>>> print(open('coords-v4.tsv').read())   # TSV, C-alpha atoms and all ligand atoms
chain	number	residue	atom	x	y	z
A	1	MET	CA	0.00	0.00	0.00
A	2	ALA	CA	1.62	3.22	-1.15
A	3	ASP	CA	-0.51	5.28	1.24
A	4	THR	CA	0.98	3.95	4.46
A	5	ALA	CA	4.13	6.01	3.99
A	6	LYS	CA	2.16	9.24	3.63
A	7	ILE	CA	1.62	11.56	6.55
A	8	ASP	CA	-1.07	14.13	7.17
A	9	ILE	CA	0.00	17.55	5.92
A	10	LYS	CA	-1.10	19.04	9.25
A	11	SER	CA	1.64	17.10	11.05
A	12	LEU	CA	4.16	19.55	9.64
A	13	GLN	CA	5.58	22.55	11.42
A	14	PHE	CA	5.97	25.73	9.40
A	15	GLU	CA	9.71	25.24	8.86
A	16	GLU	CA	9.12	21.67	7.68
A	17	LEU	CA	6.47	22.84	5.24
A	18	GLN	CA	8.89	25.50	4.03
A	19	GLU	CA	11.66	22.97	3.61
A	20	MET	CA	9.41	20.59	1.71
A	21	LEU	CA	8.25	23.32	-0.69
A	22	ARG	CA	11.80	24.47	-1.25
A	23	GLY	CA	12.63	20.88	-2.20
A	24	LEU	CA	9.84	21.02	-4.77
A	25	GLY	CA	11.31	24.22	-6.19
A	26	GLU	CA	8.33	26.35	-5.16
A	27	PRO	CA	8.58	30.07	-4.35
A	28	SER	CA	8.73	30.92	-0.64
A	29	TYR	CA	5.31	32.60	-0.51
A	30	ARG	CA	3.59	29.27	-1.13
A	31	VAL	CA	4.11	28.21	2.48
A	32	GLY	CA	1.95	31.09	3.72
A	33	GLN	CA	-0.72	30.28	1.15
A	34	ILE	CA	-0.87	26.65	2.21
A	35	ALA	CA	-0.90	27.44	5.95
A	36	ASP	CA	-3.76	29.84	5.25
A	37	TRP	CA	-5.79	27.17	3.47
A	38	LEU	CA	-5.16	24.68	6.26
A	39	TYR	CA	-5.72	26.77	9.37
A	40	LYS	CA	-7.59	29.93	8.35
A	41	LYS	CA	-9.83	28.99	5.44
A	42	ARG	CA	-9.97	25.37	6.59
A	43	VAL	CA	-10.48	23.70	3.25
A	44	GLU	CA	-11.12	19.97	3.12
A	45	SER	CA	-8.82	18.93	0.29
A	46	PHE	CA	-5.78	20.00	-1.72
A	47	GLU	CA	-8.06	20.47	-4.71
A	48	ASN	CA	-9.77	23.35	-2.90
A	49	MET	CA	-6.52	25.32	-2.53
A	50	THR	CA	-7.49	27.34	-5.56
A	51	ASP	CA	-4.60	29.79	-5.69
A	52	LEU	CA	-2.05	26.99	-6.03
A	53	PRO	CA	-1.10	25.70	-9.47
A	54	HIS	CA	-2.92	22.47	-10.38
A	55	ALA	CA	0.37	20.61	-10.66
A	56	LEU	CA	1.34	21.52	-7.09
A	57	ARG	CA	-2.05	20.51	-5.73
A	58	ALA	CA	-1.68	17.12	-7.41
A	59	GLN	CA	1.86	16.77	-6.10
A	60	LEU	CA	0.81	17.56	-2.53
A	61	ALA	CA	-1.97	14.99	-2.77
A	62	LYS	CA	0.60	12.42	-3.82
A	63	LEU	CA	2.92	13.25	-0.94
A	64	PHE	CA	0.46	13.81	1.93
A	65	THR	CA	-2.84	12.69	3.28
A	66	PHE	CA	-5.52	15.18	4.24
A	67	ASP	CA	-6.84	13.80	7.50
A	68	ARG	CA	-9.93	14.71	9.50
A	69	LEU	CA	-11.42	13.36	12.68
A	70	GLU	CA	-14.56	11.34	12.33
A	71	ILE	CA	-17.23	12.46	14.80
A	72	VAL	CA	-18.89	9.45	16.41
A	73	ARG	CA	-21.10	11.16	18.97
A	74	VAL	CA	-21.88	14.63	20.27
A	75	LEU	CA	-23.57	15.02	23.63
A	76	GLY	CA	-25.02	18.25	25.00
A	77	SER	CA	-26.19	21.32	23.18
A	78	ARG	CA	-25.46	25.00	22.70
A	79	ASP	CA	-24.98	26.92	25.98
A	80	THR	CA	-24.06	23.76	27.84
A	81	THR	CA	-20.96	21.67	27.97
A	82	ARG	CA	-20.70	19.60	24.81
A	83	LYS	CA	-18.76	16.35	24.59
A	84	PHE	CA	-17.36	15.09	21.31
A	85	LEU	CA	-16.32	11.53	20.70
A	86	PHE	CA	-13.96	11.03	17.76
A	87	ARG	CA	-12.68	8.00	15.90
A	88	LEU	CA	-9.05	8.12	14.80
A	89	ALA	CA	-7.79	6.64	11.55
A	90	ASP	CA	-6.73	3.45	13.38
A	91	GLY	CA	-10.16	3.03	14.98
A	92	ASN	CA	-9.21	4.26	18.46
A	93	LEU	CA	-11.64	6.59	20.23
A	94	ILE	CA	-10.76	9.90	21.88
A	95	GLU	CA	-12.85	12.73	23.23
A	96	SER	CA	-12.88	16.50	23.60
A	97	VAL	CA	-15.16	18.77	25.58
A	98	LEU	CA	-16.35	22.25	24.62
A	99	ILE	CA	-17.24	24.46	27.55
A	100	PRO	CA	-19.21	27.66	27.00
A	101	ALA	CA	-18.06	30.95	28.45
A	102	SER	CA	-17.77	30.68	32.18
A	103	PRO	CA	-16.20	32.85	34.84
A	104	ALA	CA	-12.77	32.25	36.30
A	105	LEU	CA	-11.77	28.97	34.70
A	106	TYR	CA	-8.00	28.59	34.73
A	107	GLY	CA	-7.22	32.23	35.18
A	108	GLU	CA	-9.40	33.52	32.40
A	109	LYS	CA	-11.83	36.31	33.15
A	110	SER	CA	-14.89	35.06	31.31
A	111	ASP	CA	-16.49	35.07	27.92
A	112	ARG	CA	-14.17	32.46	26.58
A	113	ARG	CA	-15.07	29.21	24.96
A	114	THR	CA	-12.75	26.59	26.30
A	115	ILE	CA	-11.94	23.27	24.72
A	116	CYS	CA	-10.57	20.41	26.75
A	117	ILE	CA	-8.49	18.12	24.55
A	118	SER	CA	-6.95	14.67	24.82
A	119	THR	CA	-3.28	13.87	24.32
A	120	GLN	CA	-3.22	10.06	24.52
A	121	VAL	CA	-5.52	7.12	23.91
A	122	GLY	CA	-6.08	5.98	27.49
A	123	CYS	CA	-3.58	6.77	30.20
A	124	ALA	CA	-0.80	4.79	31.83
A	125	TYR	CA	-0.78	6.64	35.15
A	126	GLY	CA	-3.71	4.83	36.69
A	127	CYS	CA	-5.02	7.42	39.15
A	128	LYS	CA	-7.54	5.49	41.19
A	129	PHE	CA	-10.43	7.91	40.66
A	130	CYS	CA	-10.08	8.51	36.91
A	131	ALA	CA	-11.99	6.99	33.99
A	132	SER	CA	-9.22	7.61	31.47
A	133	GLY	CA	-6.90	5.03	32.91
A	134	LEU	CA	-9.48	2.30	33.40
A	135	ASP	CA	-8.90	0.67	30.02
A	136	GLY	CA	-5.14	1.16	30.24
A	137	PHE	CA	-2.89	2.99	27.83
A	138	SER	CA	-2.97	2.42	24.06
A	139	ARG	CA	-0.82	5.06	22.42
A	140	ASN	CA	0.29	8.67	22.19
A	141	LEU	CA	-1.60	11.06	19.94
A	142	GLN	CA	0.32	12.65	17.09
A	143	ALA	CA	0.49	16.45	16.94
A	144	ASN	CA	-2.02	16.57	14.09
A	145	GLU	CA	-4.49	14.41	16.05
A	146	ILE	CA	-4.27	16.89	18.91
A	147	VAL	CA	-4.79	19.92	16.64
A	148	HIS	CA	-7.59	18.17	14.71
A	149	GLN	CA	-9.71	18.05	17.86
A	150	ILE	CA	-9.87	21.83	17.91
A	151	LEU	CA	-10.54	22.11	14.17
A	152	ALA	CA	-13.27	19.48	14.30
A	153	VAL	CA	-15.02	21.04	17.28
A	154	GLU	CA	-14.92	24.50	15.66
A	155	ASN	CA	-16.23	23.08	12.41
A	156	GLN	CA	-19.04	21.15	13.99
A	157	SER	CA	-20.13	23.85	16.44
A	158	GLY	CA	-19.51	26.84	14.19
A	159	GLU	CA	-17.93	28.50	17.22
A	160	LYS	CA	-14.45	29.87	17.62
A	161	VAL	CA	-12.54	28.43	20.53
A	162	ASP	CA	-10.32	30.86	22.42
A	163	ASN	CA	-9.00	28.87	25.34
A	164	ILE	CA	-7.35	25.44	25.24
A	165	VAL	CA	-6.89	23.13	28.21
A	166	PHE	CA	-4.91	19.89	27.94
A	167	MET	CA	-7.11	18.13	30.46
A	168	GLY	CA	-8.74	15.42	28.43
A	169	MET	CA	-7.66	11.84	28.27
A	170	GLY	CA	-3.99	11.14	28.84
A	171	GLU	CA	-0.97	12.68	30.50
A	172	PRO	CA	0.28	15.54	28.28
A	173	LEU	CA	3.79	15.61	29.70
A	174	ALA	CA	4.22	11.90	28.98
A	175	ASN	CA	3.69	12.76	25.30
A	176	PHE	CA	5.96	15.76	25.50
A	177	HIS	CA	7.29	15.88	21.95
A	178	ASN	CA	3.91	15.69	20.18
A	179	VAL	CA	2.22	18.01	22.68
A	180	MET	CA	4.90	20.65	22.12
A	181	ARG	CA	4.58	20.31	18.34
A	182	ALA	CA	0.82	20.71	18.64
A	183	ILE	CA	1.20	23.72	20.93
A	184	ARG	CA	3.41	25.43	18.37
A	185	ILE	CA	0.74	24.95	15.69
A	186	ILE	CA	-2.01	26.13	18.05
A	187	ASN	CA	0.00	29.13	19.22
A	188	THR	CA	1.73	30.59	16.18
A	189	PRO	CA	0.05	33.15	13.93
A	190	TRP	CA	0.37	30.91	10.84
A	191	GLY	CA	-1.57	28.20	12.68
A	192	LEU	CA	-4.52	28.76	15.00
A	193	GLY	CA	-3.02	31.88	16.54
A	194	ILE	CA	-4.22	31.23	20.08
A	195	GLY	CA	-2.12	33.10	22.65
A	196	ALA	CA	0.12	31.05	24.95
A	197	ARG	CA	-1.65	32.47	27.99
A	198	HIS	CA	-4.83	30.86	26.72
A	199	ILE	CA	-3.25	27.42	26.63
A	200	THR	CA	-3.08	25.37	29.86
A	201	VAL	CA	-1.31	22.06	30.25
A	202	SER	CA	-2.38	19.89	33.17
A	203	THR	CA	-0.09	17.26	34.65
A	204	SER	CA	-0.47	14.62	37.32
A	205	GLY	CA	3.01	15.54	38.51
A	206	LEU	CA	5.79	14.36	36.18
A	207	ALA	CA	8.47	16.35	37.98
A	208	PRO	CA	11.33	15.99	35.43
A	209	GLN	CA	9.02	16.97	32.57
A	210	ILE	CA	7.83	20.04	34.49
A	211	ARG	CA	11.47	21.15	34.53
A	212	LYS	CA	11.79	20.34	30.83
A	213	LEU	CA	8.66	22.38	30.10
A	214	THR	CA	10.16	25.27	32.06
A	215	ASP	CA	13.12	25.28	29.70
A	216	GLU	CA	10.87	25.53	26.61
A	217	PRO	CA	10.56	29.09	25.31
A	218	VAL	CA	6.74	29.15	25.29
A	219	GLN	CA	4.76	30.91	28.06
A	220	ILE	CA	1.81	28.55	28.43
A	221	ARG	CA	0.02	28.03	31.74
A	222	LEU	CA	0.57	25.05	33.98
A	223	ALA	CA	-1.96	23.24	36.15
A	224	VAL	CA	-0.82	20.56	38.55
A	225	SER	CA	-3.22	17.84	39.67
A	226	LEU	CA	-2.41	17.60	43.35
A	227	HIS	CA	-5.52	15.94	44.82
A	228	GLY	CA	-3.75	15.09	48.05
A	229	ALA	CA	-1.74	17.43	50.28
A	230	THR	CA	0.32	14.77	52.09
A	231	ASP	CA	2.22	11.80	50.65
A	232	GLU	CA	0.05	9.48	52.66
A	233	VAL	CA	-3.15	10.64	50.97
A	234	ARG	CA	-1.64	11.19	47.55
A	235	ASN	CA	-0.07	7.71	47.53
A	236	GLN	CA	-3.51	6.22	48.05
A	237	ILE	CA	-5.03	7.72	44.93
A	238	MET	CA	-2.16	8.62	42.58
A	239	PRO	CA	0.50	5.95	41.89
A	240	ILE	CA	2.74	8.63	40.31
A	241	ASN	CA	3.34	9.96	43.83
A	242	ARG	CA	5.45	6.90	44.65
A	243	ARG	CA	7.80	7.89	41.87
A	244	TYR	CA	7.77	11.66	42.44
A	245	ASN	CA	6.59	12.49	45.93
A	246	ILE	CA	5.11	15.82	46.94
A	247	GLU	CA	8.46	17.41	47.81
A	248	THR	CA	9.99	16.36	44.48
A	249	LEU	CA	6.93	17.65	42.67
A	250	LEU	CA	6.83	20.96	44.54
A	251	SER	CA	10.49	21.62	43.96
A	252	ALA	CA	9.95	21.13	40.20
A	253	CYS	CA	7.02	23.56	40.52
A	254	ASP	CA	9.34	26.03	42.31
A	255	TYR	CA	11.68	25.82	39.36
A	256	TYR	CA	8.80	26.49	36.95
A	257	VAL	CA	7.39	29.44	38.89
A	258	THR	CA	10.78	31.06	39.42
A	259	HIS	CA	11.92	30.76	35.83
A	260	LYS	CA	8.64	31.47	34.11
A	261	LYS	CA	7.60	34.21	36.53
A	262	GLN	CA	4.14	32.79	36.31
A	263	ARG	CA	1.55	31.57	38.76
A	264	LEU	CA	0.45	28.00	38.51
A	265	THR	CA	-2.81	26.37	39.50
A	266	PHE	CA	-3.27	23.38	41.75
A	267	GLU	CA	-6.20	21.21	40.77
A	268	TYR	CA	-7.71	19.53	43.74
A	269	ILE	CA	-10.63	17.14	43.28
A	270	LEU	CA	-12.67	16.83	46.45
A	271	ILE	CA	-13.34	13.16	47.20
A	272	ALA	CA	-15.48	12.30	50.22
A	273	ASP	CA	-13.60	10.96	53.25
A	274	THR	CA	-10.39	10.68	51.26
A	275	ASN	CA	-8.76	14.08	50.75
A	276	ASP	CA	-11.37	16.51	52.11
A	277	SER	CA	-10.38	16.81	55.78
A	278	ASP	CA	-9.46	20.03	57.57
A	279	GLU	CA	-5.90	18.69	57.94
A	280	GLN	CA	-5.59	18.22	54.17
A	281	ALA	CA	-6.86	21.77	53.68
A	282	ALA	CA	-4.25	23.07	56.12
A	283	ALA	CA	-1.43	21.19	54.36
A	284	LEU	CA	-2.69	22.45	51.00
A	285	VAL	CA	-2.52	26.02	52.32
A	286	LYS	CA	1.21	25.57	52.99
A	287	HIS	CA	1.94	24.25	49.49
A	288	ALA	CA	-0.11	26.96	47.81
A	289	ARG	CA	1.56	29.65	49.87
A	290	ARG	CA	5.05	28.35	49.12
A	291	LEU	CA	4.39	28.60	45.38
A	292	ASN	CA	1.92	31.46	45.43
A	293	ALA	CA	-0.35	29.07	43.53
A	294	LYS	CA	-4.06	29.33	42.89
A	295	VAL	CA	-6.23	26.42	43.92
A	296	ASN	CA	-9.04	25.06	41.80
A	297	LEU	CA	-11.34	22.82	43.83
A	298	ILE	CA	-13.37	20.38	41.76
A	299	PRO	CA	-16.14	18.30	43.31
A	300	TYR	CA	-15.47	14.71	42.25
A	301	ASN	CA	-17.60	13.38	39.42
A	302	THR	CA	-18.59	9.79	40.02
A	303	VAL	CA	-17.33	7.16	37.58
A	304	GLU	CA	-19.22	3.94	37.11
A	305	ASP	CA	-17.52	1.01	38.84
A	306	LEU	CA	-15.33	3.26	40.99
A	307	PRO	CA	-16.03	3.60	44.71
A	308	TRP	CA	-15.39	7.34	45.16
A	309	SER	CA	-17.97	10.04	45.69
A	310	ARG	CA	-18.10	13.80	46.14
A	311	PRO	CA	-18.37	15.35	49.59
A	312	SER	CA	-21.51	17.16	50.68
A	313	ARG	CA	-21.99	20.77	49.65
A	314	THR	CA	-21.29	21.87	53.22
A	315	ARG	CA	-18.03	19.93	53.33
A	316	GLN	CA	-16.92	21.43	50.00
A	317	GLU	CA	-17.65	24.95	51.24
A	318	LYS	CA	-15.83	24.29	54.52
A	319	PHE	CA	-12.72	23.12	52.66
A	320	LEU	CA	-12.86	26.25	50.51
A	321	SER	CA	-13.30	28.52	53.51
A	322	ILE	CA	-10.18	27.11	55.23
A	323	LEU	CA	-8.11	28.00	52.16
A	324	ARG	CA	-9.64	31.43	51.81
A	325	ALA	CA	-9.27	32.26	55.49
A	326	GLN	CA	-5.53	31.79	55.01
A	327	GLY	CA	-5.47	34.13	52.04
A	328	ILE	CA	-5.20	31.49	49.31
A	329	ALA	CA	-6.78	32.33	45.96
A	330	ALA	CA	-9.17	29.42	45.64
A	331	THR	CA	-12.25	28.65	43.57
A	332	LEU	CA	-14.79	25.90	43.89
A	333	ARG	CA	-16.56	24.79	40.76
A	334	ARG	CA	-20.24	25.01	41.49
A	335	GLU	CA	-21.99	25.11	38.15
A	336	LYS	CA	-23.40	21.89	36.89
A	337	GLY	CA	-22.20	20.86	33.49
A	338	HIS	CA	-18.82	22.43	33.98
A	339	ASP	CA	-17.25	19.28	35.27
A	340	ILE	CA	-14.99	19.28	32.32
A	341	GLU	CA	-12.25	17.04	33.51
A	342	ALA	CA	-14.70	14.50	34.70
A	343	ALA	CA	-16.34	14.50	31.33
A	344	CYS	CA	-13.10	13.60	29.63
A	345	GLY	CA	-12.48	9.88	29.47
A	346	GLN	CA	-15.95	8.88	30.54
A	347	LEU	CA	-17.69	9.06	27.20
A	348	ARG	CA	-15.07	6.90	25.56
A	349	LEU	CA	-15.20	4.38	28.37
A	350	GLN	CA	-18.95	4.15	28.08
A	351	THR	CA	-18.82	3.71	24.30
A	352	ASN	CA	-16.08	1.06	24.46
A	353	ARG	CA	-18.14	-0.86	27.00
A	354	GLU	CA	-21.29	-0.69	24.92
A	355	LYS	CA	-19.33	-2.10	21.99
A	356	ARG	CA	-18.12	-5.01	24.07
A	357	GLN	CA	-21.59	-5.99	25.22
B	1	LIG	N1	-3.31	13.63	33.07
B	1	LIG	C1	-3.43	15.01	33.35
B	1	LIG	C2	-4.48	15.71	32.50
B	1	LIG	C3	-5.74	14.97	32.24
B	1	LIG	S1	-6.77	14.66	33.66
B	1	LIG	C4	-3.69	15.24	34.81
B	1	LIG	O1	-3.93	14.28	35.53
B	1	LIG	O2	-3.60	16.39	35.24
B	1	LIG	C5	-7.41	16.29	33.91
B	1	LIG	C6	-7.96	16.51	35.30
B	1	LIG	O3	-9.19	15.77	35.49
B	1	LIG	C7	-7.04	16.07	36.42
B	1	LIG	O4	-6.94	17.07	37.39
B	1	LIG	C8	-7.76	14.85	36.92
B	1	LIG	O5	-7.35	14.53	38.17
B	1	LIG	C9	-9.20	15.24	36.79
B	1	LIG	N2	-10.17	14.16	36.92
B	1	LIG	C10	-10.04	12.88	36.50
B	1	LIG	N3	-11.13	12.15	36.82
B	1	LIG	C11	-11.99	12.99	37.45
B	1	LIG	C12	-13.29	12.84	38.01
B	1	LIG	N4	-13.92	11.67	37.98
B	1	LIG	N5	-13.88	13.92	38.59
B	1	LIG	C13	-13.24	15.12	38.60
B	1	LIG	N6	-12.03	15.33	38.06
B	1	LIG	C14	-11.39	14.27	37.50
B	2	LIG	FE1	-4.08	9.82	33.68
B	2	LIG	FE2	-4.62	12.33	34.51
B	2	LIG	FE3	-6.46	10.34	34.70
B	2	LIG	FE4	-4.33	10.30	36.28
B	2	LIG	S1	-5.95	11.86	36.24
B	2	LIG	S2	-5.18	8.55	35.14
B	2	LIG	S3	-2.76	11.11	34.92
B	2	LIG	S4	-5.62	11.22	32.82
>>> encode(input="coords-v4.tsv", output="structure tokens")
Amino acid sequence: MADTAKIDIKSLQFEELQEMLRGLGEPSYRVGQIADWLYKKRVESFENMTDLPHALRAQLAKLFTFDRLEIVRVLGSRDTTRKFLFRLADGNLIESVLIPASPALYGEKSDRRTICISTQVGCAYGCKFCASGLDGFSRNLQANEIVHQILAVENQSGEKVDNIVFMGMGEPLANFHNVMRAIRIINTPWGLGIGARHITVSTSGLAPQIRKLTDEPVQIRLAVSLHGATDEVRNQIMPINRRYNIETLLSACDYYVTHKKQRLTFEYILIADTNDSDEQAAALVKHARRLNAKVNLIPYNTVEDLPWSRPSRTRQEKFLSILRAQGIAATLRREKGHDIEAACGQLRLQTNREKRQ
């Protein structure tokens, strides 16, 4: 099969596109034209790139594929959180979530449509409360598969996305190379042109990769999934903590904050009788103060077959009030339908299970 050697044209970075066109003997302005067709005008085939010579269009079609994501299911409607389930070329399923404008998500003021995207098929980190890891890890997503989620959601919804969170299925920093390639396409003006401050990467705490990310020149935001303020509690629910304990993680965060001169966010899911005690809140205050971090409290979203549940409303508010009383900038997600992280991973799990029945 001749086609197996071909790659999607959207896997290329600008310089690679430039290089390829130079090799074909094309003038340098062609690269801008092609990037425009791909990311601004969003055509669906090489044939539609009407200001390119016919011969070049045919040549590109011979060299590259023109991939798209197949939409399998869309749940939700306008004005609410919408979940998209996609099928990749190899049959694997991934999902993205579109969240309508909402106040104070990840440092944004409001009036922003946020998309939560996946970076891997499944996840190898096996956090005990999370749906994404339940079926294990299959593979990393390629940069184009990451970018395609945004294009497909914009196409389908007719809405422009202005905030990207890497909080879907998978651990972004375990797929560092492809995530960085995707971020460059999302960020640069020739691609989607979304500002780095509107891009947030969430990690379960891969300390060495947090340092590596610090050394990258891009100023994206970082969210760290803490979910436990002592090693004892974190060990219970996040196996990664046995590899990089809280001190190792926090010192990598120190490095990030100092070098990037940026505030980071701690994500903290509230799980009943597990990490929601006053003592955990007090320990969390210390970590947040040390890093001048914001804290995002997220009431746990139940996952079928998993034993965890969310604390009562009163308990959630109490936890929040302990943080606030100590001067920590903390938010508690209250609106229904904004449980974006929870949404990610669950739709795929459900669909895979239905298929097996
Ligand atoms: N792997 C990365 C990013 C994807 S998970 C990470 O762990 O940070 C994105 C967020 O969703 C994490 O904070 C994760 O802990 C949270 N999450 C997973 N399952 C959840 C659930 N059932 N309810 C609420 N949040 C959940
Ligand atoms: Fe993986 Fe993040 Fe889920 Fe943990 S919370 S299993 S790291 S996706």
>>> residues_near_ligand(input="coords-v4.tsv", ligand="ligand LIG 1 (chain B)", cutoff="7 Å", atoms="only C-alpha atoms and all ligand atoms", output="list of chain:residue names")
A:Phe129, A:Cys130, A:Ala131, A:Phe166, A:Met167, A:Gly168, A:Met169, A:Gly170, A:Glu171, A:Pro172, A:Ser202, A:Thr203, A:Ser204, A:Val224, A:Ser225, A:Glu267, A:Tyr268, A:Ile269, A:Ile298, A:Pro299, A:Tyr300, A:Asn301, A:Thr302, A:Val303, A:Asp339, A:Glu341, A:Ala342
>>> write_last_selection(input="coords-v4.tsv", atoms="C-alpha atoms", output="short mmCIF file (atom, residue, chain, number, x, y, z; two decimals), in the coordinates of the input")
data_model
loop_
_atom_site.label_atom_id
_atom_site.label_comp_id
_atom_site.auth_asym_id
_atom_site.auth_seq_id
_atom_site.Cartn_x
_atom_site.Cartn_y
_atom_site.Cartn_z
CA PHE A 129 -10.43 7.91 40.66
CA CYS A 130 -10.08 8.51 36.91
CA ALA A 131 -11.99 6.99 33.99
CA PHE A 166 -4.91 19.89 27.94
CA MET A 167 -7.11 18.13 30.46
CA GLY A 168 -8.74 15.42 28.43
CA MET A 169 -7.66 11.84 28.27
CA GLY A 170 -3.99 11.14 28.84
CA GLU A 171 -0.97 12.68 30.50
CA PRO A 172 0.28 15.54 28.28
CA SER A 202 -2.38 19.89 33.17
CA THR A 203 -0.09 17.26 34.65
CA SER A 204 -0.47 14.62 37.32
CA VAL A 224 -0.82 20.56 38.55
CA SER A 225 -3.22 17.84 39.67
CA GLU A 267 -6.20 21.21 40.77
CA TYR A 268 -7.71 19.53 43.74
CA ILE A 269 -10.63 17.14 43.28
CA ILE A 298 -13.37 20.38 41.76
CA PRO A 299 -16.14 18.30 43.31
CA TYR A 300 -15.47 14.71 42.25
CA ASN A 301 -17.60 13.38 39.42
CA THR A 302 -18.59 9.79 40.02
CA VAL A 303 -17.33 7.16 37.58
CA ASP A 339 -17.25 19.28 35.27
CA GLU A 341 -12.25 17.04 33.51
CA ALA A 342 -14.70 14.50 34.70
#
>>> residues_around(input="coords-v4.tsv", residues="region 88-100 of chain A", least_positions_apart="2", cutoff="6 Å", atoms="all atoms listed in the file", output="ChimeraX atom specification")
/A:79,81-86,113-117
>>> closest_residue(input="coords-v4.tsv", among="A:Ile146, A:Leu226, A:Cys253, A:Leu323", to="ligand LIG 2 (chain B)", atoms="only C-alpha atoms and all ligand atoms")
A:Leu226
>>> residues_near_point(input="coords-v4.tsv", point="(3.5, 10.5, 7.6)", cutoff="12 Å", atoms="all atoms listed in the file", output="list in words")
Ala2, Asp3, Thr4, Ala5, Lys6, Ile7, Asp8, Ile9, Lys10, Ser11, Leu12, Lys62, Leu63, Phe64, Thr65, Phe66, Asp67, Gln142, Ala143 and Asn144 of chain A
>>> residues_around(input="coords-v4.tsv", residues="Phe137 (chain A)", least_positions_apart="4", cutoff="12 Å", atoms="all atoms listed in the file", output="list in words")
Asn92, Thr119, Gln120, Val121, Gly122, Cys123, Ala124, Tyr125, Gly126, Ala131, Ser132, Gly133, Leu141, Met169, Gly170, Glu171, Ala174 and Gly345 of chain A
>>> residues_around(input="coords-v4.tsv", residues="Ala272 (chain A)", least_positions_apart="5", cutoff="8 Å", atoms="only C-alpha atoms", output="ChimeraX atom specification")
/A:308-312
>>> write_last_selection(input="coords-v4.tsv", atoms="C-alpha atoms", output="PDB file, in the frame of the given file")
ATOM      1  CA  TRP A 308     -15.390   7.340  45.160  1.00  0.00           C
ATOM      2  CA  SER A 309     -17.970  10.040  45.690  1.00  0.00           C
ATOM      3  CA  ARG A 310     -18.100  13.800  46.140  1.00  0.00           C
ATOM      4  CA  PRO A 311     -18.370  15.350  49.590  1.00  0.00           C
ATOM      5  CA  SER A 312     -21.510  17.160  50.680  1.00  0.00           C
TER       6      SER A 312
END
>>> residues_around(input="coords-v4.tsv", residues="region 40-53 of chain A", least_positions_apart="3", cutoff="12 Å", atoms="only C-alpha atoms", output="NGL selection string")
:A and (8-10 or 26-27 or 29-37 or 56-69 or 148 or 150-152 or 154-155 or 160 or 186 or 189-193)
>>> closest_residue(input="coords-v4.tsv", among="A:Val201, A:Ile328, A:Leu297, A:Leu291", to="ligand LIG 2 (chain B)", atoms="only C-alpha atoms and all ligand atoms")
A:Val201
>>> closest_residue(input="coords-v4.tsv", among="A:Glu16, A:Glu145, A:Asp162, A:Asp135", to="ligand LIG 2 (chain B)", atoms="all atoms listed in the file")
A:Asp135
>>> closest_residue(input="coords-v4.tsv", among="A:Arg290, A:Lys128, A:Arg333, A:Arg211", to="ligand LIG 2 (chain B)", atoms="only C-alpha atoms and all ligand atoms")
A:Lys128
>>> atom_distance(input="coords-v4.tsv", atom1="CA of Phe14 (chain A)", atom2="CA of Gln209 (chain A)")
25.0 Å
>>> residues_around(input="coords-v4.tsv", residues="region 244-249 of chain A", least_positions_apart="2", cutoff="9 Å", atoms="only C-alpha atoms", output="list in words")
Gly205, Leu206, Ala207, Pro208, Ile210, Leu226, Gly228, Ala229, Thr230, Asp231, Arg234, Asn235, Ile240, Asn241, Arg242, Ser251, Ala252, Cys253 and Asp254 of chain A
>>> atom_distance(input="coords-v4.tsv", atom1="CA of Asp278 (chain A)", atom2="CA of Lys318 (chain A)")
8.2 Å
>>> atom_distance(input="coords-v4.tsv", atom1="CA of Ala223 (chain A)", atom2="CA of Thr265 (chain A)")
4.7 Å
>>> closest_residue(input="coords-v4.tsv", among="A:Val218, A:Val233, A:Leu264, A:Leu173", to="ligand LIG 2 (chain B)", atoms="all atoms listed in the file")
A:Leu173
>>> closest_residue(input="coords-v4.tsv", among="A:Ile237, A:Ala329, A:Ala281, A:Leu75", to="ligand LIG 2 (chain B)", atoms="all atoms listed in the file")
A:Ile237
